[in-house]
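S.K.: Compact mmCIF, C-alpha atoms, saved as protein_14.txt, coming up:
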# COMPACT_ATOMS: atom_id res chain seq x y z
CA MET A 76 -44.39 -122.98 -131.09
CA GLY A 77 -46.77 -123.69 -128.24
CA GLY A 78 -45.83 -120.69 -126.14
CA LEU A 79 -42.12 -120.61 -126.96
CA LYS A 80 -41.36 -117.68 -129.21
CA SER A 81 -38.20 -115.99 -127.94
CA VAL A 82 -34.72 -117.26 -127.07
CA ALA A 83 -31.83 -115.67 -125.18
CA LEU A 84 -28.41 -117.26 -125.45
CA VAL A 85 -25.97 -117.02 -122.55
CA GLY A 86 -22.45 -117.67 -123.81
CA LEU A 87 -21.59 -116.60 -127.36
CA GLY A 88 -18.13 -118.14 -127.61
CA GLY A 89 -16.82 -121.66 -127.09
CA TYR A 90 -19.63 -124.20 -127.34
CA GLY A 91 -22.13 -121.33 -127.45
CA TYR A 92 -20.94 -120.59 -130.98
CA ILE A 93 -22.81 -123.70 -132.14
CA TYR A 94 -26.04 -122.15 -130.86
CA VAL A 95 -25.14 -118.80 -132.41
CA ASN A 96 -24.91 -120.52 -135.78
CA ALA A 97 -28.20 -122.35 -135.23
CA LEU A 98 -30.09 -119.25 -134.09
CA LEU A 99 -28.76 -117.12 -136.94
CA GLY A 100 -29.27 -119.85 -139.52
CA SER A 101 -32.34 -121.55 -140.88
CA GLU A 102 -32.24 -124.34 -138.27
CA PHE A 103 -34.01 -122.35 -135.55
CA ALA A 104 -34.66 -118.97 -137.16
CA THR A 105 -38.05 -119.99 -138.55
CA LYS A 106 -39.18 -121.39 -135.18
CA VAL A 107 -38.09 -118.82 -132.62
CA SER A 108 -36.82 -115.27 -132.35
CA PHE A 109 -33.25 -114.71 -131.13
CA VAL A 110 -33.88 -111.80 -128.77
CA ALA A 111 -30.64 -111.46 -126.80
CA GLY A 112 -27.01 -112.46 -126.70
CA ILE A 113 -25.52 -112.54 -123.21
CA ASP A 114 -21.78 -112.72 -122.61
CA PRO A 115 -19.32 -110.78 -120.44
CA VAL A 116 -16.99 -110.62 -123.45
CA PRO A 117 -19.25 -110.61 -126.55
CA GLU A 118 -16.33 -109.36 -128.65
CA ALA A 119 -15.01 -112.93 -128.70
CA CYS A 120 -17.99 -114.12 -130.75
CA GLN A 121 -16.99 -114.75 -134.37
CA ARG A 122 -20.39 -113.63 -135.67
CA LEU A 123 -20.74 -110.57 -133.46
CA ALA A 124 -21.02 -108.21 -136.44
CA GLU A 125 -23.95 -110.20 -137.82
CA ILE A 126 -25.69 -110.20 -134.43
CA GLN A 127 -25.30 -106.43 -134.30
CA GLN A 128 -26.50 -106.01 -137.88
CA LYS A 129 -29.69 -107.87 -136.96
CA HIS A 130 -30.13 -105.49 -134.00
CA ILE A 131 -30.14 -108.33 -131.51
CA PRO A 132 -29.52 -106.74 -128.08
CA LEU A 133 -26.34 -107.67 -126.23
CA PHE A 134 -25.99 -107.90 -122.47
CA ARG A 135 -22.99 -108.54 -120.23
CA SER A 136 -24.86 -110.74 -117.73
CA LEU A 137 -28.10 -112.63 -117.24
CA GLU A 138 -29.00 -110.22 -114.44
CA GLU A 139 -28.55 -107.22 -116.73
CA PHE A 140 -30.77 -108.86 -119.35
CA SER A 141 -33.47 -109.79 -116.81
CA ALA A 142 -33.66 -106.27 -115.41
CA THR A 143 -35.40 -105.06 -118.59
CA SER A 144 -36.21 -108.12 -120.69
CA ARG A 145 -37.27 -111.74 -120.68
CA ALA A 146 -37.24 -114.74 -123.02
CA ASP A 147 -39.40 -117.82 -123.23
CA LEU A 148 -36.24 -119.93 -123.40
CA VAL A 149 -32.78 -119.28 -122.00
CA ILE A 150 -29.94 -121.40 -123.41
CA LEU A 151 -26.91 -121.74 -121.14
CA ALA A 152 -23.57 -122.42 -122.84
CA THR A 153 -21.53 -121.22 -119.89
CA PRO A 154 -18.88 -122.61 -117.48
CA LEU A 155 -20.23 -125.62 -115.63
CA GLN A 156 -19.89 -124.05 -112.15
CA LEU A 157 -22.46 -121.44 -113.23
CA HIS A 158 -25.07 -123.85 -114.55
CA CYS A 159 -27.12 -124.30 -111.40
CA GLU A 160 -27.30 -120.67 -110.31
CA GLN A 161 -27.97 -119.39 -113.82
CA ALA A 162 -30.59 -122.07 -114.56
CA CYS A 163 -32.41 -121.40 -111.30
CA PHE A 164 -32.21 -117.63 -111.87
CA ALA A 165 -33.78 -117.98 -115.33
CA MET A 166 -36.43 -120.49 -114.26
CA ALA A 167 -37.48 -118.30 -111.33
CA ARG A 168 -38.28 -115.60 -113.89
CA GLY A 169 -40.52 -117.92 -115.89
CA SER A 170 -38.10 -119.02 -118.62
CA HIS A 171 -37.62 -122.56 -119.83
CA VAL A 172 -33.94 -123.55 -119.81
CA LEU A 173 -31.70 -125.61 -122.05
CA CYS A 174 -28.46 -126.03 -120.08
CA GLU A 175 -25.39 -127.51 -121.66
CA LYS A 176 -23.69 -130.53 -120.13
CA PRO A 177 -22.74 -131.40 -117.49
CA LEU A 178 -25.53 -130.44 -115.11
CA GLY A 179 -23.02 -129.14 -112.58
CA ALA A 180 -20.46 -130.26 -110.03
CA HIS A 181 -22.39 -131.13 -106.85
CA PRO A 182 -25.39 -133.43 -106.29
CA ASP A 183 -27.21 -130.79 -104.25
CA GLN A 184 -27.43 -128.78 -107.47
CA VAL A 185 -29.52 -131.56 -109.00
CA ARG A 186 -32.10 -131.25 -106.25
CA GLN A 187 -32.06 -127.46 -106.36
CA MET A 188 -32.65 -127.39 -110.10
CA ILE A 189 -35.50 -129.89 -109.88
CA GLU A 190 -37.18 -127.98 -107.05
CA THR A 191 -36.88 -124.67 -108.91
CA ARG A 192 -38.20 -126.15 -112.14
CA ASP A 193 -41.21 -127.66 -110.41
CA ARG A 194 -41.93 -124.55 -108.34
CA PHE A 195 -42.13 -122.31 -111.39
CA GLY A 196 -43.69 -124.81 -113.79
CA VAL A 197 -41.08 -124.62 -116.55
CA GLN A 198 -39.00 -127.11 -118.51
CA LEU A 199 -35.31 -127.82 -117.92
CA ALA A 200 -33.24 -129.83 -120.40
CA ILE A 201 -29.58 -130.83 -120.01
CA GLY A 202 -27.77 -130.89 -123.34
CA TYR A 203 -26.31 -134.39 -123.58
CA GLN A 204 -26.97 -134.63 -127.31
CA TRP A 205 -26.63 -138.44 -127.51
CA SER A 206 -29.58 -138.73 -125.13
CA PHE A 207 -31.86 -137.06 -127.67
CA SER A 208 -30.78 -139.27 -130.59
CA ALA A 209 -33.03 -141.97 -132.03
CA ALA A 210 -30.24 -144.54 -131.62
CA ILE A 211 -29.95 -144.06 -127.86
CA GLN A 212 -33.69 -143.71 -127.34
CA ASN A 213 -34.41 -146.96 -129.20
CA LEU A 214 -31.63 -148.79 -127.34
CA LYS A 215 -32.87 -147.44 -124.02
CA ARG A 216 -36.42 -148.54 -124.81
CA ASP A 217 -35.30 -152.11 -125.59
CA ILE A 218 -33.22 -152.29 -122.41
CA ALA A 219 -36.13 -151.06 -120.28
CA ALA A 220 -38.46 -153.56 -121.96
CA GLY A 221 -36.18 -156.40 -120.89
CA ARG A 222 -35.24 -157.44 -124.42
CA PHE A 223 -31.61 -158.09 -123.41
CA GLY A 224 -32.23 -159.35 -119.88
CA ALA A 225 -30.62 -157.86 -116.80
CA PRO A 226 -27.68 -155.48 -117.23
CA ARG A 227 -24.37 -156.99 -116.10
CA ARG A 228 -21.43 -154.75 -117.02
CA LEU A 229 -21.08 -151.55 -119.05
CA ARG A 230 -17.63 -150.23 -119.93
CA THR A 231 -16.45 -147.24 -121.94
CA ARG A 232 -13.05 -145.99 -123.02
CA VAL A 233 -12.11 -142.60 -124.54
CA TYR A 234 -8.73 -140.85 -124.84
CA TRP A 235 -8.77 -137.25 -125.99
CA PRO A 236 -5.34 -135.60 -125.55
CA ARG A 237 -5.44 -131.93 -124.55
CA THR A 238 -2.54 -129.49 -124.77
CA GLU A 239 -1.61 -126.69 -122.40
CA LYS A 240 -3.73 -124.36 -124.53
CA TYR A 241 -6.78 -126.31 -123.34
CA TYR A 242 -5.86 -125.80 -119.70
CA SER A 243 -4.95 -122.13 -120.15
CA ARG A 244 -8.19 -121.21 -121.93
CA SER A 245 -9.93 -120.25 -118.67
CA SER A 246 -9.16 -119.66 -115.00
CA TRP A 247 -11.22 -122.71 -113.94
CA ALA A 248 -9.86 -125.33 -116.38
CA GLY A 249 -8.44 -128.30 -114.49
CA ARG A 250 -9.62 -126.88 -111.17
CA GLN A 251 -11.62 -128.42 -108.35
CA ARG A 252 -13.08 -125.04 -107.33
CA ASP A 253 -13.02 -121.68 -109.03
CA ALA A 254 -11.68 -118.42 -107.58
CA GLN A 255 -15.03 -117.81 -105.83
CA GLY A 256 -14.94 -121.24 -104.17
CA ARG A 257 -17.65 -122.77 -106.34
CA PRO A 258 -17.20 -126.49 -107.09
CA VAL A 259 -16.03 -127.18 -110.65
CA PHE A 260 -14.34 -130.60 -110.62
CA ASP A 261 -13.20 -129.98 -114.18
CA SER A 262 -11.83 -133.21 -115.62
CA PRO A 263 -12.28 -135.57 -118.58
CA ALA A 264 -15.18 -137.20 -116.72
CA ASN A 265 -16.94 -133.91 -115.93
CA ASN A 266 -16.33 -132.04 -119.15
CA ALA A 267 -15.04 -133.30 -122.49
CA CYS A 268 -15.92 -136.97 -121.93
CA ALA A 269 -18.90 -136.48 -119.61
CA HIS A 270 -21.30 -137.64 -122.34
CA HIS A 271 -19.90 -141.13 -122.27
CA LEU A 272 -20.07 -141.58 -118.50
CA HIS A 273 -23.60 -140.17 -118.42
CA ASN A 274 -24.71 -142.45 -121.24
CA MET A 275 -24.08 -145.63 -119.25
CA PHE A 276 -26.35 -144.45 -116.45
CA TYR A 277 -28.89 -143.07 -118.91
CA VAL A 278 -29.48 -146.19 -121.02
CA LEU A 279 -30.19 -148.15 -117.83
CA GLY A 280 -32.93 -145.77 -116.68
CA GLU A 281 -36.30 -147.47 -116.46
CA THR A 282 -38.17 -144.58 -118.12
CA PRO A 283 -37.21 -142.32 -121.05
CA GLN A 284 -36.64 -139.44 -118.63
CA ASN A 285 -34.45 -140.99 -115.94
CA SER A 286 -31.17 -142.82 -115.35
CA ASP A 287 -29.97 -145.62 -113.16
CA TRP A 288 -28.15 -144.18 -110.15
CA PRO A 289 -24.71 -144.96 -108.70
CA ARG A 290 -24.82 -147.02 -105.51
CA THR A 291 -21.06 -147.24 -104.95
CA VAL A 292 -18.15 -145.54 -106.73
CA GLN A 293 -14.46 -146.42 -106.63
CA ALA A 294 -12.18 -144.15 -108.63
CA GLU A 295 -8.49 -143.83 -109.38
CA LEU A 296 -7.64 -140.25 -110.32
CA TYR A 297 -4.30 -139.29 -111.82
CA ARG A 298 -2.59 -136.26 -113.35
CA ALA A 299 0.40 -135.55 -115.55
CA ASN A 300 -0.44 -131.93 -116.32
CA ALA A 301 0.29 -129.08 -113.91
CA ILE A 302 -3.34 -128.77 -112.82
CA GLU A 303 -5.28 -129.06 -109.57
CA ASN A 304 -7.63 -131.86 -110.57
CA TYR A 305 -7.09 -135.01 -112.63
CA ASP A 306 -6.49 -135.54 -116.34
CA THR A 307 -6.87 -139.35 -116.23
CA VAL A 308 -9.58 -141.45 -114.60
CA ALA A 309 -10.28 -145.14 -114.10
CA LEU A 310 -13.60 -145.66 -112.38
CA ARG A 311 -15.79 -148.53 -111.23
CA CYS A 312 -19.40 -147.98 -110.20
CA ARG A 313 -22.13 -150.31 -109.00
CA THR A 314 -25.57 -149.01 -109.86
CA GLN A 315 -28.88 -149.20 -108.03
CA ARG A 316 -30.00 -151.86 -110.55
CA GLY A 317 -26.93 -153.95 -109.77
CA ALA A 318 -24.94 -153.31 -112.93
CA GLU A 319 -21.20 -152.68 -112.96
CA ILE A 320 -20.01 -149.55 -114.79
CA LEU A 321 -16.37 -149.06 -115.80
CA PHE A 322 -15.07 -145.82 -117.29
CA PHE A 323 -11.59 -144.99 -118.57
CA ALA A 324 -10.74 -141.55 -119.90
CA SER A 325 -7.64 -139.43 -120.29
CA HIS A 326 -6.31 -136.16 -121.66
CA ALA A 327 -2.71 -137.36 -121.23
CA THR A 328 -2.27 -140.02 -123.92
CA HIS A 329 -0.06 -139.58 -126.97
CA ALA A 330 -2.78 -140.17 -129.55
CA GLN A 331 -6.52 -139.67 -129.75
CA HIS A 332 -8.76 -142.70 -129.45
CA ASP A 333 -12.45 -141.90 -129.88
CA PRO A 334 -15.09 -143.48 -127.63
CA ILE A 335 -15.80 -147.18 -127.72
CA PHE A 336 -18.08 -149.13 -125.44
CA VAL A 337 -19.27 -152.64 -124.64
CA TYR A 338 -22.51 -153.05 -122.68
CA GLU A 339 -23.03 -156.60 -121.45
CA PHE A 340 -26.47 -157.95 -120.56
CA GLU A 341 -27.84 -161.30 -119.53
CA ASN A 342 -28.87 -162.12 -123.10
CA ALA A 343 -26.99 -159.65 -125.31
CA THR A 344 -23.87 -157.60 -125.89
CA VAL A 345 -24.12 -154.04 -127.22
CA LYS A 346 -21.06 -152.46 -128.87
CA TYR A 347 -20.02 -149.12 -130.31
CA GLY A 348 -16.76 -148.19 -132.00
CA ASN A 349 -13.94 -150.36 -133.38
CA GLU A 350 -15.57 -153.23 -135.28
CA ALA A 351 -19.02 -151.74 -134.66
CA ALA A 352 -17.79 -148.54 -136.35
CA ALA A 353 -20.07 -145.54 -135.94
CA HIS A 354 -23.23 -147.54 -135.22
CA ILE A 355 -24.52 -149.07 -132.01
CA ILE A 356 -24.86 -152.82 -132.61
CA ALA A 357 -26.61 -155.30 -130.31
CA GLU A 358 -25.90 -159.02 -130.64
CA LEU A 359 -28.34 -161.26 -128.81
CA THR A 360 -27.53 -164.79 -127.64
CA ASP A 361 -30.18 -166.17 -130.02
CA GLY A 362 -28.22 -164.79 -132.98
CA THR A 363 -30.34 -161.70 -133.55
CA ARG A 364 -28.40 -158.59 -134.55
CA VAL A 365 -29.87 -155.11 -134.08
CA ASP A 366 -28.34 -152.02 -135.70
CA TYR A 367 -29.46 -148.90 -133.84
CA GLY A 368 -27.56 -146.54 -136.09
CA SER A 369 -25.32 -143.68 -135.08
CA PRO A 370 -25.86 -141.99 -131.70
CA ALA A 371 -24.24 -138.79 -132.96
CA PRO A 372 -27.00 -136.34 -133.99
CA SER A 373 -26.47 -132.70 -134.83
CA GLU A 374 -25.00 -130.61 -132.02
CA SER A 375 -28.23 -128.78 -131.29
CA ALA A 376 -31.25 -129.75 -133.39
CA GLU A 377 -32.57 -132.84 -131.58
CA LYS A 378 -32.33 -131.48 -128.06
CA PHE A 379 -33.85 -128.17 -129.11
CA GLN A 380 -36.72 -129.89 -130.91
CA ASP A 381 -37.38 -132.18 -127.93
CA LEU A 382 -37.64 -129.15 -125.67
CA LEU A 383 -40.09 -127.50 -128.05
CA ASP A 384 -42.16 -130.69 -128.19
CA SER A 385 -42.07 -131.05 -124.41
CA ILE A 386 -43.43 -127.54 -123.94
CA ARG A 387 -46.11 -128.01 -126.58
CA LEU A 388 -47.20 -131.46 -125.35
CA GLN A 389 -46.62 -130.68 -121.66
CA ARG A 390 -44.48 -133.76 -121.16
CA PRO A 391 -41.06 -134.15 -119.50
CA VAL A 392 -37.94 -133.62 -121.58
CA LEU A 393 -35.93 -136.69 -122.52
CA CYS A 394 -32.84 -135.56 -120.63
CA GLY A 395 -33.55 -133.36 -117.64
CA PRO A 396 -31.92 -133.23 -114.21
CA GLU A 397 -33.38 -136.59 -113.16
CA ALA A 398 -31.41 -138.16 -116.00
CA ALA A 399 -28.26 -136.02 -115.93
CA GLY A 400 -27.94 -136.03 -112.14
CA ALA A 401 -26.52 -139.56 -111.98
CA GLN A 402 -23.31 -138.41 -113.68
CA THR A 403 -23.05 -135.50 -111.25
CA ALA A 404 -23.43 -137.80 -108.24
CA CYS A 405 -20.83 -140.17 -109.68
CA ILE A 406 -18.32 -137.37 -110.27
CA PHE A 407 -18.76 -136.04 -106.74
CA ALA A 408 -18.26 -139.52 -105.26
CA ALA A 409 -15.18 -140.07 -107.43
CA GLN A 410 -13.57 -136.97 -105.94
CA GLN A 411 -14.22 -138.40 -102.46
CA SER A 412 -12.78 -141.75 -103.51
CA THR A 413 -9.38 -140.20 -104.32
CA PRO A 414 -9.33 -136.84 -102.52
CA ALA A 415 -5.58 -136.42 -103.13
CA ILE A 416 -4.99 -136.66 -106.88
CA VAL A 417 -2.15 -139.08 -107.69
CA GLU A 418 0.80 -137.76 -109.70
CA PHE A 419 2.14 -139.96 -112.48
CA PRO A 420 5.85 -140.79 -111.98
CA ARG A 421 7.86 -138.01 -113.61
CA ASP A 422 10.05 -140.45 -115.55
CA LEU A 423 6.92 -141.55 -117.44
CA VAL A 424 5.81 -138.02 -118.36
CA VAL A 425 6.81 -136.58 -121.74
CA VAL A 426 6.14 -132.99 -122.86
CA GLU A 427 6.23 -132.28 -126.61
CA GLY A 428 5.14 -129.55 -128.97
CA PRO A 429 5.55 -125.81 -129.52
CA PRO A 430 5.54 -123.45 -126.53
CA GLY A 431 2.01 -122.50 -125.56
CA ASP A 432 0.52 -125.61 -127.14
CA ARG A 433 2.60 -128.43 -125.68
CA LEU A 434 1.10 -131.85 -125.00
CA THR A 435 1.87 -133.56 -121.71
CA GLN A 436 1.58 -137.31 -122.12
CA VAL A 437 2.33 -140.45 -120.13
CA LYS A 438 4.33 -143.26 -121.71
CA ASN A 439 2.24 -146.32 -122.54
CA LEU A 440 -0.80 -144.88 -120.78
CA ALA A 441 -3.22 -145.77 -123.58
CA GLU A 442 -1.92 -149.34 -123.66
CA THR A 443 -2.27 -149.66 -119.89
CA LEU A 444 -5.80 -148.30 -119.83
CA ASP A 445 -6.66 -150.56 -122.78
CA ARG A 446 -5.61 -153.54 -120.65
CA CYS A 447 -7.86 -152.27 -117.88
CA TYR A 448 -10.75 -151.82 -120.29
CA GLU A 449 -10.37 -155.25 -121.87
CA ASN A 450 -10.03 -157.01 -118.51
CA ALA A 451 -12.69 -154.91 -116.73
CA GLN A 452 -10.16 -153.99 -114.04
CA LEU A 453 -8.79 -150.79 -112.53
CA PRO A 454 -5.03 -150.12 -112.72
CA SER A 455 -4.58 -151.10 -109.07
CA ASP A 456 -6.36 -154.41 -109.74
CA LEU A 457 -3.71 -155.21 -112.37
CA GLY A 458 -0.84 -154.25 -110.09
CA ILE A 459 0.33 -151.32 -112.22
CA SER A 460 3.36 -149.78 -110.48
CA TRP A 461 1.99 -146.24 -110.31
CA ALA A 462 -1.56 -147.22 -109.40
CA VAL A 463 -3.19 -146.15 -106.13
CA ARG A 464 -6.49 -147.73 -105.12
CA GLY A 465 -9.31 -145.36 -104.27
CA ALA A 466 -11.80 -145.86 -101.46
CA GLU A 467 -15.22 -147.28 -102.32
CA ILE A 468 -17.84 -144.60 -101.73
CA ALA A 469 -21.50 -145.40 -101.09
CA VAL A 470 -23.85 -142.90 -102.71
CA THR A 471 -27.31 -142.01 -101.47
CA ASP A 472 -29.74 -141.50 -104.33
CA PHE A 473 -31.63 -138.30 -103.54
CA ALA A 474 -34.40 -139.32 -105.92
CA SER A 475 -35.24 -142.54 -104.08
CA ALA A 476 -34.04 -141.68 -100.57
CA ASN A 477 -35.05 -138.02 -100.26
CA ASN A 478 -31.39 -137.00 -100.15
CA SER A 479 -31.05 -138.37 -96.63
CA ALA A 480 -27.69 -138.01 -94.91
CA ALA A 481 -25.53 -141.08 -94.44
CA SER A 482 -23.17 -141.90 -91.60
CA ASN A 483 -19.54 -142.87 -92.02
CA THR A 484 -19.00 -146.62 -91.68
CA GLY A 485 -15.41 -146.91 -92.84
CA GLU A 486 -13.61 -147.25 -96.17
CA THR A 487 -13.29 -150.08 -98.65
CA ASP A 488 -9.88 -149.55 -100.10
CA GLN A 489 -9.35 -153.19 -99.12
CA PRO A 490 -11.58 -156.13 -100.11
CA GLY A 491 -14.28 -156.89 -97.59
CA LYS A 492 -14.35 -153.48 -95.95
CA PRO A 493 -17.65 -151.56 -95.93
CA ALA A 494 -18.06 -148.60 -98.24
CA ARG A 495 -17.49 -145.14 -96.84
CA ARG A 496 -20.79 -143.37 -97.19
CA ILE A 497 -21.16 -139.77 -98.21
CA ALA A 498 -24.18 -137.56 -97.91
CA LEU A 499 -25.04 -135.57 -100.99
CA LYS A 500 -24.55 -132.50 -98.82
CA ASN A 501 -20.81 -132.71 -98.25
Let me see the file written as structure tokens.
M.R.:
Amino acid sequence: MGGLKSVALVGLGGYGYIYVNALLGSEFATKVSFVAGIDPVPEACQRLAEIQQKHIPLFRSLEEFSATSRADLVILATPLQLHCEQACFAMARGSHVLCEKPLGAHPDQVRQMIETRDRFGVQLAIGYQWSFSAAIQNLKRDIAAGRFGAPRRLRTRVYWPRTEKYYSRSSWAGRQRDAQGRPVFDSPANNACAHHLHNMFYVLGETPQNSDWPRTVQAELYRANAIENYDTVALRCRTQRGAEILFFASHATHAQHDPIFVYEFENATVKYGNEAAAHIIAELTDGTRVDYGSPAPSESAEKFQDLLDSIRLQRPVLCGPEAAGAQTACIFAAQQSTPAIVEFPRDLVVVEGPPGDRLTQVKNLAETLDRCYENAQLPSDLGISWAVRGAEIAVTDFASANNSAASNTGETDQPGKPARRIALKN
């Protein structure tokens, strides 16, 4: 496979189980050799007995593995606060890396991962699976070619309720920093729903390998659950290309509502979900209708194959840190926009379900966020009683401005005020 023969998987449970199945099954088994499983608690892996029967070595840490062994490719299916340090550790030892989403929690990690990748001449892919699908790639190509005209407004809505079991599954769930002080910023926007925020930046990137970048971010961050960070987000971003991005996501609604989006351009509207069903549909002002198909590929095949092709052809991966970093920068700015997470009024919060798996929900939250989505407004714009306006944060794009520091010029939590600038080192 063009120099890629062996694979080590870090993280055998959780999302890593998808890779376990792929590496033990026919999907990857004929292409690469599964040479190591790495997990501090491998006993949690449902196919541990099969791994042992195949005499695949097990290690408790990446450092333990690297002391005696190496792999051409290291797959990281680990907690997001470990992504940067583990990716850089593996790349510094000559391994290509496929790191699950999101890239991390701090924009400086984007730069560090790019510098390490380039220094050691390896490939680094970030596992946003939609980005590797034909539907997204074809849409992205048409946008970059100017088929739809200039981007105007992109908005996405997704409500995925999560019970207390979700927040008790790990010590870092719902946290801003873990016990070691590493930034996590775990939230709908930086974990379960991160794909759909990333995708708006990604489709606006002018090349297959990059994204548009946030220029300003204004976020309203709320929580109903007993967590440190937020479980509900309403966010407005202005991008470097001048587009407006709106994102609404929550883990505190009564019912699940899968992702929908509307991307508005000068000469077209692109939709997904609801009447567009499972396909991405573009409707141009001249009456042309383009069906891009479903953006939902398999969980692992397309991104794995793209990485193999990138190594063989010596070309950049479709979704590396240059592409995934825009979401990371946006998340970091959102935390600065609302540094004190806003509590929903307790009389609106309802807790239902069996002990240990109860759902905390907010009355009429889905309906309120739907109004925001349809009107392209944040809750504070609509005068919602519990809404608190976040400051507008100006973001420096490290890729185009060499990560230069920015000075504070004030806040824009009122119309007409200048954006408060943040350096990516903050």
S.K.: Of the residues A:Ala209, A:Ala301, A:Leu393, A:Ala343, which is the one nearest to Ala225 in chain A, using all atoms listed in the file?
M.R.: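 Result for the nearest residue to Ala225 in chain A: A:Ala343.
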S.K.: Could you please determine the separation between CA of Ala267 in chain A and CA of Arg237 in chain A in Å, to one decimal place?
M.R.: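 Computing the Euclidean distance for CA of Ala267 in chain A and CA of Arg237 in chain A yields 9.9 Å.
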S.K.: Skip range 233-236 of chain A itself and residues of its chain fewer than 6 positions away, then list as a ChimeraX atom specification all residues within 9 Å of it, counting all atoms listed in the file.
M.R.: /A:263,267-268,271,307,322-336,434-436,441
S.K.: Need to verify the contact set: Gly221 in chain A, 10 Å, only C-alpha atoms, exclusion of same-chain residues closer than 4 positions in sequence. Can you return it as a ChimeraX atom specification?
M.R.: /A:216-217,225-226,281,340-342
S.K.: Determine, counting only C-alpha atoms, which protein, DNA and RNA residues have an atom within 6 Å of an atom of range 369-371 of chain A; residues of the same chain fewer than 4 positions away are not included. Present the result as a PDB file with C-alpha atoms, keeping the file's coordinate frame.
M.R.:
ATOM      1  CA  TRP A 205     -26.630-138.440-127.510  1.00  0.00           C
ATOM      2  CA  SER A 208     -30.780-139.270-130.590  1.00  0.00           C
ATOM      3  CA  ALA A 210     -30.240-144.540-131.620  1.00  0.00           C
ATOM      4  CA  ILE A 211     -29.950-144.060-127.860  1.00  0.00           C
ATOM      5  CA  ALA A 353     -20.070-145.540-135.940  1.00  0.00           C
ATOM      6  CA  HIS A 354     -23.230-147.540-135.220  1.00  0.00           C
TER       7      HIS A 354
END
S.K.: Give one line per residue of range 127-163 of chain A that approaches range 90-94 of chain A to at most 8 Å, naming the two atoms of the closest pair and their distance in Å to one decimal, counting all atoms listed in the file; sort by chain then ascending residue number and deliver it as CSV.
M.R.:
residue,atom,partner,partner_atom,distance
A:Leu151,CA,A:Gly91,CA,7.9
A:Ala152,CA,A:Gly91,CA,5.0
A:Thr153,CA,A:Gly91,CA,7.6
S.K.: Save the residues we just selected, C-alpha atoms, as an mmCIF file, keeping the file's coordinate frame?
M.R.:
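Final output, saved to selection-v3.cif:
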data_model
loop_
_atom_site.group_PDB
_atom_site.id
_atom_site.type_symbol
_atom_site.label_atom_id
_atom_site.label_comp_id
_atom_site.auth_asym_id
_atom_site.auth_seq_id
_atom_site.Cartn_x
_atom_site.Cartn_y
_atom_site.Cartn_z
ATOM 1 C CA LEU A 151 -26.910 -121.740 -121.140
ATOM 2 C CA ALA A 152 -23.570 -122.420 -122.840
ATOM 3 C CA THR A 153 -21.530 -121.220 -119.890
#
S.K.: For a test of reading the model, state the distance in Å between CA of Ser412 in chain A and CA of Glu397 in chain A, rounded to one decimal.
M.R.: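 Taking CA of Ser412 in chain A and CA of Glu397 in chain A, their separation equals 23.3 Å.
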S.K.: Leaving out Phe276 in chain A and any residue of its chain fewer than 2 positions from it, which residues lie within 7 Å of it when counting only C-alpha atoms, given as number ranges by chain?
M.R.: A: 273-274, 278-280, 286-288, 401
S.K.: From the list A:Asn450, A:Ser375, A:Arg252, A:Phe223, which residue is nearest Glu358 in chain A when using all atoms listed in the file?
M.R.: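 Smallest separation from Glu358 in chain A among the options: A:Phe223.
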S.K.: Pick out the closest residue to Val110 in chain A from this set: A:Ser144, A:Thr344, A:Gln128, A:Gln212. Count all atoms listed in the file.
M.R.: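 Closest to Val110 in chain A of all the choices is A:Ser144.
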S.K.: What is the distance between CA of Lys240 in chain A and CA of Gly431 in chain A, in Å to one decimal?
M.R.: 6.1 Å
S.K.: What's the 12 Å shell around Arg421 in chain A, counting only C-alpha atoms, without same-chain residues fewer than 2 positions away, as a list in words?
M.R.: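 These residues fall inside the cut-off: Arg298, Ala299, Asn300, Ala301, Val417, Glu418, Phe419, Leu423, Val424, Val425, Val426, Thr435, Gln436, Val437, Lys438 and Trp461 of chain A.
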S.K.: With C-alpha atoms kept, could you save the residues just selected as a PDB file, keeping the file's coordinate frame?
M.R.:
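New file selection_3.pdb:
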ATOM      1  CA  ARG A 298      -2.590-136.260-113.350  1.00  0.00           C
ATOM      2  CA  ALA A 299       0.400-135.550-115.550  1.00  0.00           C
ATOM      3  CA  ASN A 300      -0.440-131.930-116.320  1.00  0.00           C
ATOM      4  CA  ALA A 301       0.290-129.080-113.910  1.00  0.00           C
ATOM      5  CA  VAL A 417      -2.150-139.080-107.690  1.00  0.00           C
ATOM      6  CA  GLU A 418       0.800-137.760-109.700  1.00  0.00           C
ATOM      7  CA  PHE A 419       2.140-139.960-112.480  1.00  0.00           C
ATOM      8  CA  LEU A 423       6.920-141.550-117.440  1.00  0.00           C
ATOM      9  CA  VAL A 424       5.810-138.020-118.360  1.00  0.00           C
ATOM     10  CA  VAL A 425       6.810-136.580-121.740  1.00  0.00           C
ATOM     11  CA  VAL A 426       6.140-132.990-122.860  1.00  0.00           C
ATOM     12  CA  THR A 435       1.870-133.560-121.710  1.00  0.00           C
ATOM     13  CA  GLN A 436       1.580-137.310-122.120  1.00  0.00           C
ATOM     14  CA  VAL A 437       2.330-140.450-120.130  1.00  0.00           C
ATOM     15  CA  LYS A 438       4.330-143.260-121.710  1.00  0.00           C
ATOM     16  CA  TRP A 461       1.990-146.240-110.310  1.00  0.00           C
TER      17      TRP A 461
END
S.K.: Nearest to Arg257 in chain A: which of A:Ile320, A:Ala97, A:Leu157, A:Leu137 is it, counting all atoms listed in the file?
M.R.: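 Distance minimum relative to Arg257 in chain A lands on A:Leu157.
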